[in-house]
file final37.txt (compact mmCIF, C-alpha atoms)
# COMPACT_ATOMS: atom_id res chain seq x y z
CA MET A 1492 75.59 115.63 95.78
CA LYS A 1493 74.70 114.09 92.45
CA GLY A 1494 77.62 113.71 90.09
CA ILE A 1495 80.30 113.73 92.79
CA VAL A 1496 82.38 110.55 92.82
CA LEU A 1497 82.41 108.93 96.25
CA GLU A 1498 85.57 106.94 96.99
CA THR A 1499 85.37 104.92 100.19
CA VAL A 1500 88.24 103.35 102.11
CA ILE A 1501 87.72 99.63 102.80
CA ALA A 1502 89.77 96.92 104.46
CA SER A 1503 87.71 93.75 103.96
CA LEU A 1504 85.06 92.00 101.91
CA ASP A 1505 82.46 92.96 104.51
CA ASP A 1506 83.55 96.60 104.18
CA ALA A 1507 83.22 96.36 100.40
CA ARG A 1508 79.71 94.94 100.64
CA ALA A 1509 78.64 97.67 103.07
CA ALA A 1510 80.22 100.50 101.07
CA ALA A 1511 78.68 99.27 97.81
CA ALA A 1512 75.27 99.00 99.47
CA GLY A 1513 75.68 102.60 100.61
CA GLY A 1514 76.45 103.81 97.09
CA ALA A 1515 80.25 104.03 96.89
CA ASP A 1516 81.53 104.65 93.37
CA ARG A 1517 85.12 103.56 93.97
CA PHE A 1518 87.11 101.79 96.67
CA GLU A 1519 90.53 102.35 98.14
CA LEU A 1520 91.51 98.96 99.57
CA CYS A 1521 94.07 98.90 102.39
CA SER A 1522 95.11 96.91 105.40
CA ALA A 1523 96.34 98.28 108.76
CA LEU A 1524 94.21 101.40 108.66
CA ALA A 1525 95.42 102.33 112.16
CA LEU A 1526 98.81 102.91 110.51
CA GLY A 1527 97.40 104.98 107.67
CA GLY A 1528 96.84 102.05 105.31
CA LEU A 1529 99.24 99.39 104.07
CA THR A 1530 99.19 96.90 101.18
CA PRO A 1531 96.23 94.52 101.65
CA GLY A 1532 96.28 90.75 101.33
CA LEU A 1533 95.76 89.30 97.86
CA GLY A 1534 92.96 87.08 99.14
CA THR A 1535 90.98 90.12 100.22
CA LEU A 1536 91.55 91.87 96.90
CA GLU A 1537 90.57 88.81 94.89
CA ARG A 1538 87.34 88.26 96.83
CA VAL A 1539 86.31 91.92 96.62
CA ALA A 1540 87.09 92.08 92.90
CA ALA A 1541 85.15 88.86 92.24
CA GLU A 1542 82.05 89.80 94.20
CA VAL A 1543 81.62 93.59 94.24
CA PRO A 1544 81.41 95.45 90.89
CA VAL A 1545 83.13 98.63 92.07
CA PRO A 1546 86.58 99.78 90.83
CA ILE A 1547 89.32 99.09 93.37
CA MET A 1548 92.31 101.35 93.96
CA CYS A 1549 94.74 99.17 95.89
CA MET A 1550 97.20 100.64 98.37
CA VAL A 1551 100.83 99.68 97.81
CA ARG A 1552 102.66 100.76 100.96
CA PRO A 1553 105.00 98.41 102.83
CA ARG A 1554 105.16 100.12 106.22
CA GLU A 1555 104.23 103.14 108.29
CA GLY A 1556 106.49 106.09 109.02
CA GLY A 1557 107.58 108.08 105.99
CA MET A 1558 107.84 107.28 102.30
CA ALA A 1559 111.61 107.15 101.62
CA TYR A 1560 111.99 103.44 101.00
CA SER A 1561 115.00 101.13 101.01
CA ALA A 1562 115.96 99.10 97.96
CA GLY A 1563 114.35 96.04 99.52
CA GLU A 1564 111.12 97.89 100.28
CA THR A 1565 111.05 99.26 96.75
CA ASP A 1566 111.48 95.79 95.25
CA GLN A 1567 108.64 94.57 97.46
CA MET A 1568 106.39 97.42 96.30
CA MET A 1569 107.17 96.74 92.65
CA ARG A 1570 106.16 93.10 93.01
CA ASP A 1571 103.10 93.95 95.10
CA ALA A 1572 101.98 96.36 92.39
CA GLU A 1573 102.28 93.71 89.69
CA LEU A 1574 100.32 91.24 91.80
CA VAL A 1575 97.45 93.56 92.70
CA VAL A 1576 96.76 94.71 89.15
CA SER A 1577 96.94 91.09 88.02
CA ALA A 1578 94.43 90.18 90.75
CA GLY A 1579 91.80 92.70 89.69
CA ALA A 1580 92.73 96.13 91.01
CA ALA A 1581 91.80 98.94 88.65
CA GLY A 1582 94.67 101.01 89.97
CA VAL A 1583 97.36 101.45 92.59
CA VAL A 1584 97.79 103.99 95.37
CA PHE A 1585 101.43 104.77 96.11
CA GLY A 1586 104.00 107.41 97.03
CA PHE A 1587 107.78 107.64 96.85
CA LEU A 1588 109.62 110.54 98.49
CA ASP A 1589 113.31 111.11 99.14
CA GLU A 1590 114.79 112.03 102.51
CA GLN A 1591 114.31 115.74 101.73
CA GLY A 1592 110.58 115.33 101.19
CA ARG A 1593 110.73 115.61 97.41
CA VAL A 1594 108.97 113.29 94.97
CA ASP A 1595 111.37 110.48 94.10
CA VAL A 1596 110.79 110.77 90.38
CA ALA A 1597 113.06 107.90 89.36
CA ARG A 1598 111.36 105.39 91.66
CA CYS A 1599 107.90 106.63 90.73
CA ARG A 1600 108.71 106.21 87.04
CA ALA A 1601 110.09 102.70 87.53
CA PHE A 1602 107.07 101.74 89.64
CA LEU A 1603 104.59 103.02 87.08
CA ALA A 1604 106.44 101.24 84.29
CA ARG A 1605 106.10 97.93 86.14
CA VAL A 1606 102.38 98.47 86.70
CA ARG A 1607 101.59 99.52 83.16
CA ALA A 1608 103.64 96.73 81.60
CA ILE A 1609 100.97 94.41 83.01
CA ALA A 1610 97.94 96.72 82.95
CA PRO A 1611 98.38 99.65 80.54
CA GLU A 1612 95.05 101.20 81.57
CA ALA A 1613 95.70 100.96 85.32
CA GLN A 1614 95.09 104.15 87.24
CA ALA A 1615 97.83 105.55 89.47
CA VAL A 1616 97.03 107.54 92.60
CA PHE A 1617 99.70 109.44 94.52
CA HIS A 1618 98.55 109.30 98.14
CA ARG A 1619 98.90 111.86 100.90
CA ALA A 1620 102.67 111.73 100.70
CA PHE A 1621 101.81 114.78 98.60
CA ASP A 1622 100.76 116.60 101.77
CA VAL A 1623 104.24 116.35 103.28
CA THR A 1624 106.26 117.26 100.20
CA ALA A 1625 108.69 120.12 100.63
CA ASP A 1626 107.35 121.98 97.57
CA PRO A 1627 103.81 120.95 96.57
CA ASP A 1628 103.76 123.00 93.37
CA THR A 1629 106.91 121.33 92.07
CA ALA A 1630 105.57 117.97 93.23
CA LEU A 1631 102.32 118.48 91.34
CA GLU A 1632 104.15 119.25 88.10
CA GLN A 1633 106.32 116.17 88.53
CA LEU A 1634 103.26 113.97 89.06
CA VAL A 1635 101.64 115.43 85.94
CA ASP A 1636 104.79 114.67 83.94
CA LEU A 1637 104.83 111.11 85.29
CA GLY A 1638 101.29 110.50 84.06
CA VAL A 1639 99.77 109.99 87.50
CA THR A 1640 95.97 109.79 87.32
CA ARG A 1641 95.16 111.64 90.52
CA VAL A 1642 96.60 112.98 93.75
CA LEU A 1643 94.97 112.51 97.15
CA THR A 1644 95.30 115.54 99.40
CA SER A 1645 93.93 117.21 102.51
CA GLY A 1646 95.36 120.50 101.34
CA ARG A 1647 98.38 119.99 103.64
CA ALA A 1648 96.10 120.42 106.65
CA ARG A 1649 94.80 118.04 109.31
CA THR A 1650 91.51 117.68 107.46
CA ALA A 1651 90.25 118.41 103.96
CA LEU A 1652 87.85 120.99 105.35
CA GLU A 1653 90.70 122.87 107.03
CA GLY A 1654 92.75 122.59 103.84
CA ALA A 1655 89.91 123.43 101.44
CA ARG A 1656 91.47 126.66 100.19
CA GLU A 1657 94.74 124.89 99.36
CA ILE A 1658 92.86 122.03 97.67
CA ARG A 1659 91.05 124.55 95.47
CA ARG A 1660 94.38 126.16 94.61
CA THR A 1661 95.79 122.74 93.69
CA ILE A 1662 92.78 121.98 91.47
CA GLU A 1663 93.18 125.32 89.73
CA ARG A 1664 96.90 124.76 89.25
CA ALA A 1665 96.26 121.25 87.89
CA ARG A 1666 94.06 122.66 85.10
CA GLY A 1667 92.61 119.23 84.36
CA ARG A 1668 96.02 117.66 83.70
CA ILE A 1669 95.71 115.49 86.82
CA GLU A 1670 92.73 114.75 89.05
CA VAL A 1671 92.71 116.15 92.58
CA LEU A 1672 90.95 114.03 95.20
CA PRO A 1673 90.14 115.73 98.52
CA GLY A 1674 90.50 113.40 101.49
CA GLY A 1675 91.21 113.52 105.18
CA GLY A 1676 88.60 113.55 107.91
CA ILE A 1677 85.64 114.22 105.60
CA SER A 1678 82.34 113.37 107.28
CA ALA A 1679 78.66 113.56 106.41
CA ALA A 1680 78.50 116.81 108.38
CA ASP A 1681 81.02 118.63 106.21
CA VAL A 1682 81.21 116.82 102.85
CA GLU A 1683 78.99 119.33 101.08
CA GLU A 1684 81.02 122.23 102.44
CA VAL A 1685 84.25 120.56 101.30
CA VAL A 1686 82.90 120.11 97.77
CA ARG A 1687 81.61 123.67 97.57
CA ALA A 1688 84.80 125.17 99.00
CA THR A 1689 87.18 123.17 96.80
CA GLY A 1690 85.20 122.86 93.58
CA ALA A 1691 86.13 119.15 93.57
CA ASP A 1692 84.19 116.54 91.60
CA GLN A 1693 85.17 113.65 93.88
CA VAL A 1694 85.83 112.95 97.57
CA HIS A 1695 87.70 110.30 99.54
CA VAL A 1696 86.13 109.17 102.82
CA TYR A 1697 86.49 106.59 105.57
CA VAL A 1698 83.09 106.05 107.13
CA THR A 1699 82.96 103.60 110.04
CA ARG A 1700 80.95 102.46 113.02
CA GLU A 1701 82.35 100.79 116.11
CA VAL A 1702 81.92 97.06 116.68
CA HIS A 1703 83.33 94.80 119.37
CA ASP A 1704 84.78 91.29 119.10
CA LEU A 1705 84.59 89.94 122.65
CA SER A 1706 86.64 86.83 121.99
CA ALA A 1707 89.68 88.46 123.64
CA ALA A 1708 87.81 89.93 126.60
CA ALA A 1709 88.74 87.18 129.05
CA ASN A 1710 92.27 88.56 129.45
CA PRO A 1711 92.36 92.36 129.04
CA LEU A 1712 96.06 92.48 129.99
CA ILE A 1713 97.03 91.12 126.58
CA ARG A 1714 97.71 93.59 123.76
CA PHE A 1715 98.88 92.25 120.40
CA GLY A 1716 100.14 95.50 118.89
CA ALA A 1717 103.92 95.66 119.28
CA HIS A 1718 104.45 99.38 118.79
CA VAL A 1719 102.38 102.50 118.17
CA PRO A 1720 104.41 105.13 116.25
CA ALA A 1721 104.58 108.53 117.95
CA THR A 1722 104.92 110.46 114.68
CA GLU A 1723 104.65 109.89 110.93
CA THR A 1724 108.45 109.89 110.72
CA GLU A 1725 108.90 106.76 112.83
CA HIS A 1726 108.86 103.06 112.05
CA ARG A 1727 110.53 99.95 113.43
CA VAL A 1728 112.83 97.48 111.68
CA VAL A 1729 114.39 94.21 112.77
CA ASP A 1730 117.76 94.73 114.50
CA ALA A 1731 120.24 92.11 113.25
CA ASP A 1732 122.61 92.76 116.18
CA GLY A 1733 119.74 92.33 118.61
CA VAL A 1734 118.75 89.02 117.04
CA ALA A 1735 122.37 87.87 117.19
CA ASP A 1736 122.59 88.82 120.86
CA LEU A 1737 119.49 86.75 121.64
CA ARG A 1738 120.90 83.85 119.65
CA ARG A 1739 124.13 83.92 121.67
CA ARG A 1740 122.24 84.02 124.96
CA LEU A 1741 120.08 81.08 123.97
CA ALA A 1742 123.17 79.12 122.87
CA ARG A 1743 124.58 79.41 126.41
CA LEU A 1744 121.57 77.71 127.99
CA PRO A 1745 121.91 74.04 128.97
CA ARG A 1746 120.01 71.58 126.83
call {"tool": "encode", "arguments": {"input": "final37.txt", "output": "structure tokens"}}
result
Amino acid sequence: MKGIVLETVIASLDDARAAAAGGADRFELCSALALGGLTPGLGTLERVAAEVPVPIMCMVRPREGGMAYSAGETDQMMRDAELVVSAGAAGVVFGFLDEQGRVDVARCRAFLARVRAIAPEAQAVFHRAFDVTADPDTALEQLVDLGVTRVLTSGRARTALEGAREIRRTIERARGRIEVLPGGGISAADVEEVVRATGADQVHVYVTREVHDLSAAANPLIRFGAHVPATETEHRVVDADGVADLRRRLARLPR
């Protein structure tokens, strides 16, 4: 539909070239899309920004499994945000919640201050952490007060089409104070219906085709992924006691 902004998820320079050739208006750049999207490598961001003249919203997310981050993870996100806007990102995609599923206003404010100290015009996108907030109406008002540019949402449903009524309600509640970006499972088959049902002026999509790299085919027993989370509340961290136990066992071996 003419006039509707098309934001496309990408993970590589090849993705950026393909999405731009297809007519994407804006990118969301991530890595680890199987985990919902994590902070991409700076090399990827720099190459995309240098070659493809499309605004890049860069994901800043350190891990899968929830959005209540430790002090160390928060420090990492702050620095990542500074680096990506310095490297050419037009904006950052982020989300901080507390353990009760509320917007962590203090961390959001500190994060945005760090970004805008380097790039005052940088856009700020609150990702689908919004869809798991305990009170979305309160969350929306907090994001407006924080000066967030837009919020990405599926309408708290599995897909944007299923959540279209809630997305429309969010747009109406926003009253132009913050942009509302429908996203989540939008395909060519339903994008027009999503736009009509929500009244949105932009959509967020991930459009892919399957390819195969046969370089690992000689040994199908090998899998390189260490862990596949069962739910969005789960993630893995290094166990210091476990490392120490392994160190002790290795120390007992003869040399």
call {"tool": "residues_around", "arguments": {"input": "final37.txt", "residues": "segment 1572-1582 of chain A", "least_positions_apart": "3", "cutoff": "9 Å", "atoms": "all atoms listed in the file", "output": "list in words"}}
result
Leu1533, Leu1536, Glu1537, Val1539, Ala1540, Ala1541, Pro1546, Ile1547, Met1548, Cys1549, Met1550, Val1551, Gln1567, Met1568, Met1569, Phe1602, Leu1603, Arg1605, Val1606, Arg1607, Ala1608, Ile1609, Ala1610, Glu1612, Ala1613, Gln1614, Ala1615 and Val1616 of chain A
call {"tool": "residues_around", "arguments": {"input": "final37.txt", "residues": "Thr1640 of chain A", "least_positions_apart": "2", "cutoff": "9 Å", "atoms": "all atoms listed in the file", "output": "list in words"}}
result
Gln1614, Ala1615, Val1616, Phe1617, Leu1634, Val1635, Gly1638, Val1642, Arg1668, Ile1669, Glu1670 and Val1671 of chain A
call {"tool": "closest_residue", "arguments": {"input": "final37.txt", "among": "A:Leu1637, A:Val1583, A:Val1729, A:Val1623", "to": "Gly1557 of chain A", "atoms": "all atoms listed in the file"}}
result
A:Val1623
call {"tool": "atom_distance", "arguments": {"input": "final37.txt", "atom1": "atom CA of Val1728 of chain A", "atom2": "atom CA of Leu1741 of chain A"}}
result
21.7 Å
call {"tool": "residues_near_point", "arguments": {"input": "final37.txt", "point": "(106.7, 101.6, 109.2)", "cutoff": "8 Å", "atoms": "all atoms listed in the file", "output": "list in words"}}
result
Pro1553, Arg1554, Glu1555, Gly1556, Gly1557, Glu1725, His1726, Arg1727 and Val1728 of chain A
call {"tool": "closest_residue", "arguments": {"input": "final37.txt", "among": "A:Gly1667, A:Gly1534, A:Pro1544, A:Pro1611", "to": "Arg1517 of chain A", "atoms": "all atoms listed in the file"}}
result
A:Pro1544
call {"tool": "decode", "arguments": {"input": "final37.txt", "residues": "segment 1531-1647 of chain A", "atoms": "C-alpha atoms", "output": "PDB file, in the first residue's frame"}}
result
ATOM      1  CA  PRO A1531      24.430  -7.389  15.965  1.00  0.00           C
ATOM      2  CA  GLY A1532      28.145  -7.169  15.307  1.00  0.00           C
ATOM      3  CA  LEU A1533      29.591  -3.718  14.662  1.00  0.00           C
ATOM      4  CA  GLY A1534      31.193  -4.921  11.441  1.00  0.00           C
ATOM      5  CA  THR A1535      27.802  -5.828  10.032  1.00  0.00           C
ATOM      6  CA  LEU A1536      26.304  -2.497  11.059  1.00  0.00           C
ATOM      7  CA  GLU A1537      29.197  -0.522   9.596  1.00  0.00           C
ATOM      8  CA  ARG A1538      29.054  -2.321   6.250  1.00  0.00           C
ATOM      9  CA  VAL A1539      25.270  -1.963   5.947  1.00  0.00           C
ATOM     10  CA  ALA A1540      25.396   1.718   6.895  1.00  0.00           C
ATOM     11  CA  ALA A1541      28.205   2.380   4.401  1.00  0.00           C
ATOM     12  CA  GLU A1542      26.624   0.600   1.465  1.00  0.00           C
ATOM     13  CA  VAL A1543      22.825   0.681   1.761  1.00  0.00           C
ATOM     14  CA  PRO A1544      21.081   4.081   2.056  1.00  0.00           C
ATOM     15  CA  VAL A1545      18.239   2.904   4.303  1.00  0.00           C
ATOM     16  CA  PRO A1546      17.811   4.009   7.950  1.00  0.00           C
ATOM     17  CA  ILE A1547      18.925   1.325  10.399  1.00  0.00           C
ATOM     18  CA  MET A1548      17.251   0.658  13.739  1.00  0.00           C
ATOM     19  CA  CYS A1549      19.787  -1.446  15.631  1.00  0.00           C
ATOM     20  CA  MET A1550      18.721  -3.996  18.219  1.00  0.00           C
ATOM     21  CA  VAL A1551      20.379  -3.637  21.618  1.00  0.00           C
ATOM     22  CA  ARG A1552      19.551  -6.841  23.491  1.00  0.00           C
ATOM     23  CA  PRO A1553      22.234  -8.878  25.259  1.00  0.00           C
ATOM     24  CA  ARG A1554      20.473 -12.224  25.604  1.00  0.00           C
ATOM     25  CA  GLU A1555      17.263 -14.170  25.178  1.00  0.00           C
ATOM     26  CA  GLY A1556      14.774 -14.930  27.937  1.00  0.00           C
ATOM     27  CA  GLY A1557      13.129 -11.898  29.506  1.00  0.00           C
ATOM     28  CA  MET A1558      14.093  -8.246  29.765  1.00  0.00           C
ATOM     29  CA  ALA A1559      14.962  -7.753  33.460  1.00  0.00           C
ATOM     30  CA  TYR A1560      18.698  -7.253  33.155  1.00  0.00           C
ATOM     31  CA  SER A1561      21.531  -7.462  35.657  1.00  0.00           C
ATOM     32  CA  ALA A1562      23.813  -4.515  36.342  1.00  0.00           C
ATOM     33  CA  GLY A1563      26.449  -6.079  34.110  1.00  0.00           C
ATOM     34  CA  GLU A1564      24.002  -6.631  31.267  1.00  0.00           C
ATOM     35  CA  THR A1565      22.763  -3.066  31.611  1.00  0.00           C
ATOM     36  CA  ASP A1566      26.307  -1.686  31.430  1.00  0.00           C
ATOM     37  CA  GLN A1567      26.885  -3.785  28.321  1.00  0.00           C
ATOM     38  CA  MET A1568      23.704  -2.449  26.705  1.00  0.00           C
ATOM     39  CA  MET A1569      24.643   1.137  27.493  1.00  0.00           C
ATOM     40  CA  ARG A1570      28.007   0.737  25.786  1.00  0.00           C
ATOM     41  CA  ASP A1571      26.527  -1.188  22.861  1.00  0.00           C
ATOM     42  CA  ALA A1572      24.035   1.636  22.338  1.00  0.00           C
ATOM     43  CA  GLU A1573      26.795   4.242  22.239  1.00  0.00           C
ATOM     44  CA  LEU A1574      28.766   2.163  19.751  1.00  0.00           C
ATOM     45  CA  VAL A1575      25.916   1.465  17.349  1.00  0.00           C
ATOM     46  CA  VAL A1576      24.779   5.077  17.041  1.00  0.00           C
ATOM     47  CA  SER A1577      28.409   6.101  16.564  1.00  0.00           C
ATOM     48  CA  ALA A1578      28.723   3.466  13.817  1.00  0.00           C
ATOM     49  CA  GLY A1579      25.793   4.715  11.764  1.00  0.00           C
ATOM     50  CA  ALA A1580      22.560   3.441  13.276  1.00  0.00           C
ATOM     51  CA  ALA A1581      19.702   5.921  13.004  1.00  0.00           C
ATOM     52  CA  GLY A1582      18.173   4.523  16.161  1.00  0.00           C
ATOM     53  CA  VAL A1583      18.161   1.791  18.770  1.00  0.00           C
ATOM     54  CA  VAL A1584      15.650  -0.939  19.565  1.00  0.00           C
ATOM     55  CA  PHE A1585      15.551  -1.833  23.251  1.00  0.00           C
ATOM     56  CA  GLY A1586      13.421  -2.799  26.235  1.00  0.00           C
ATOM     57  CA  PHE A1587      13.914  -2.799  29.994  1.00  0.00           C
ATOM     58  CA  LEU A1588      11.369  -4.442  32.293  1.00  0.00           C
ATOM     59  CA  ASP A1589      11.480  -5.252  35.992  1.00  0.00           C
ATOM     60  CA  GLU A1590      10.740  -8.659  37.475  1.00  0.00           C
ATOM     61  CA  GLN A1591       7.043  -7.760  37.754  1.00  0.00           C
ATOM     62  CA  GLY A1592       6.756  -7.061  34.031  1.00  0.00           C
ATOM     63  CA  ARG A1593       6.641  -3.281  34.395  1.00  0.00           C
ATOM     64  CA  VAL A1594       8.663  -0.823  32.329  1.00  0.00           C
ATOM     65  CA  ASP A1595      11.914  -0.143  34.179  1.00  0.00           C
ATOM     66  CA  VAL A1596      11.643   3.606  33.817  1.00  0.00           C
ATOM     67  CA  ALA A1597      14.930   4.444  35.536  1.00  0.00           C
ATOM     68  CA  ARG A1598      16.989   2.162  33.295  1.00  0.00           C
ATOM     69  CA  CYS A1599      15.148   3.281  30.174  1.00  0.00           C
ATOM     70  CA  ARG A1600      15.835   6.919  31.045  1.00  0.00           C
ATOM     71  CA  ALA A1601      19.529   6.277  31.700  1.00  0.00           C
ATOM     72  CA  PHE A1602      19.829   4.281  28.474  1.00  0.00           C
ATOM     73  CA  LEU A1603      18.185   6.993  26.386  1.00  0.00           C
ATOM     74  CA  ALA A1604      20.384   9.646  27.978  1.00  0.00           C
ATOM     75  CA  ARG A1605      23.498   7.727  26.937  1.00  0.00           C
ATOM     76  CA  VAL A1606      22.244   7.356  23.369  1.00  0.00           C
ATOM     77  CA  ARG A1607      21.187  10.956  22.945  1.00  0.00           C
ATOM     78  CA  ALA A1608      24.365  12.337  24.487  1.00  0.00           C
ATOM     79  CA  ILE A1609      26.089  10.995  21.366  1.00  0.00           C
ATOM     80  CA  ALA A1610      23.246  11.259  18.831  1.00  0.00           C
ATOM     81  CA  PRO A1611      20.544  13.729  19.927  1.00  0.00           C
ATOM     82  CA  GLU A1612      18.349  12.890  16.919  1.00  0.00           C
ATOM     83  CA  ALA A1613      18.576   9.115  17.353  1.00  0.00           C
ATOM     84  CA  GLN A1614      15.266   7.307  17.283  1.00  0.00           C
ATOM     85  CA  ALA A1615      14.337   4.992  20.146  1.00  0.00           C
ATOM     86  CA  VAL A1616      12.125   1.955  19.616  1.00  0.00           C
ATOM     87  CA  PHE A1617      10.700  -0.042  22.517  1.00  0.00           C
ATOM     88  CA  HIS A1618      10.493  -3.599  21.216  1.00  0.00           C
ATOM     89  CA  ARG A1619       7.951  -6.309  21.930  1.00  0.00           C
ATOM     90  CA  ALA A1620       8.802  -6.293  25.609  1.00  0.00           C
ATOM     91  CA  PHE A1621       5.718  -4.067  25.442  1.00  0.00           C
ATOM     92  CA  ASP A1622       3.619  -7.138  24.627  1.00  0.00           C
ATOM     93  CA  VAL A1623       4.474  -8.815  27.931  1.00  0.00           C
ATOM     94  CA  THR A1624       4.075  -5.811  30.214  1.00  0.00           C
ATOM     95  CA  ALA A1625       1.712  -6.288  33.126  1.00  0.00           C
ATOM     96  CA  ASP A1626      -0.260  -3.120  32.287  1.00  0.00           C
ATOM     97  CA  PRO A1627       0.117  -1.972  28.662  1.00  0.00           C
ATOM     98  CA  ASP A1628      -1.798   1.276  29.134  1.00  0.00           C
ATOM     99  CA  THR A1629       0.484   2.386  31.959  1.00  0.00           C
ATOM    100  CA  ALA A1630       3.493   1.193  29.954  1.00  0.00           C
ATOM    101  CA  LEU A1631       2.441   3.254  26.943  1.00  0.00           C
ATOM    102  CA  GLU A1632       2.143   6.415  29.018  1.00  0.00           C
ATOM    103  CA  GLN A1633       5.565   5.807  30.537  1.00  0.00           C
ATOM    104  CA  LEU A1634       7.125   5.362  27.101  1.00  0.00           C
ATOM    105  CA  VAL A1635       5.489   8.592  25.915  1.00  0.00           C
ATOM    106  CA  ASP A1636       6.899  10.422  28.942  1.00  0.00           C
ATOM    107  CA  LEU A1637      10.354   8.977  28.244  1.00  0.00           C
ATOM    108  CA  GLY A1638      10.323  10.362  24.706  1.00  0.00           C
ATOM    109  CA  VAL A1639      10.417   6.983  22.976  1.00  0.00           C
ATOM    110  CA  THR A1640       9.897   7.336  19.222  1.00  0.00           C
ATOM    111  CA  ARG A1641       7.812   4.223  18.648  1.00  0.00           C
ATOM    112  CA  VAL A1642       6.662   0.970  20.185  1.00  0.00           C
ATOM    113  CA  LEU A1643       6.701  -2.359  18.358  1.00  0.00           C
ATOM    114  CA  THR A1644       3.707  -4.545  19.166  1.00  0.00           C
ATOM    115  CA  SER A1645       1.700  -7.536  18.010  1.00  0.00           C
ATOM    116  CA  GLY A1646      -1.217  -6.348  20.095  1.00  0.00           C
ATOM    117  CA  ARG A1647      -0.228  -8.800  22.858  1.00  0.00           C
TER     118      ARG A1647
END
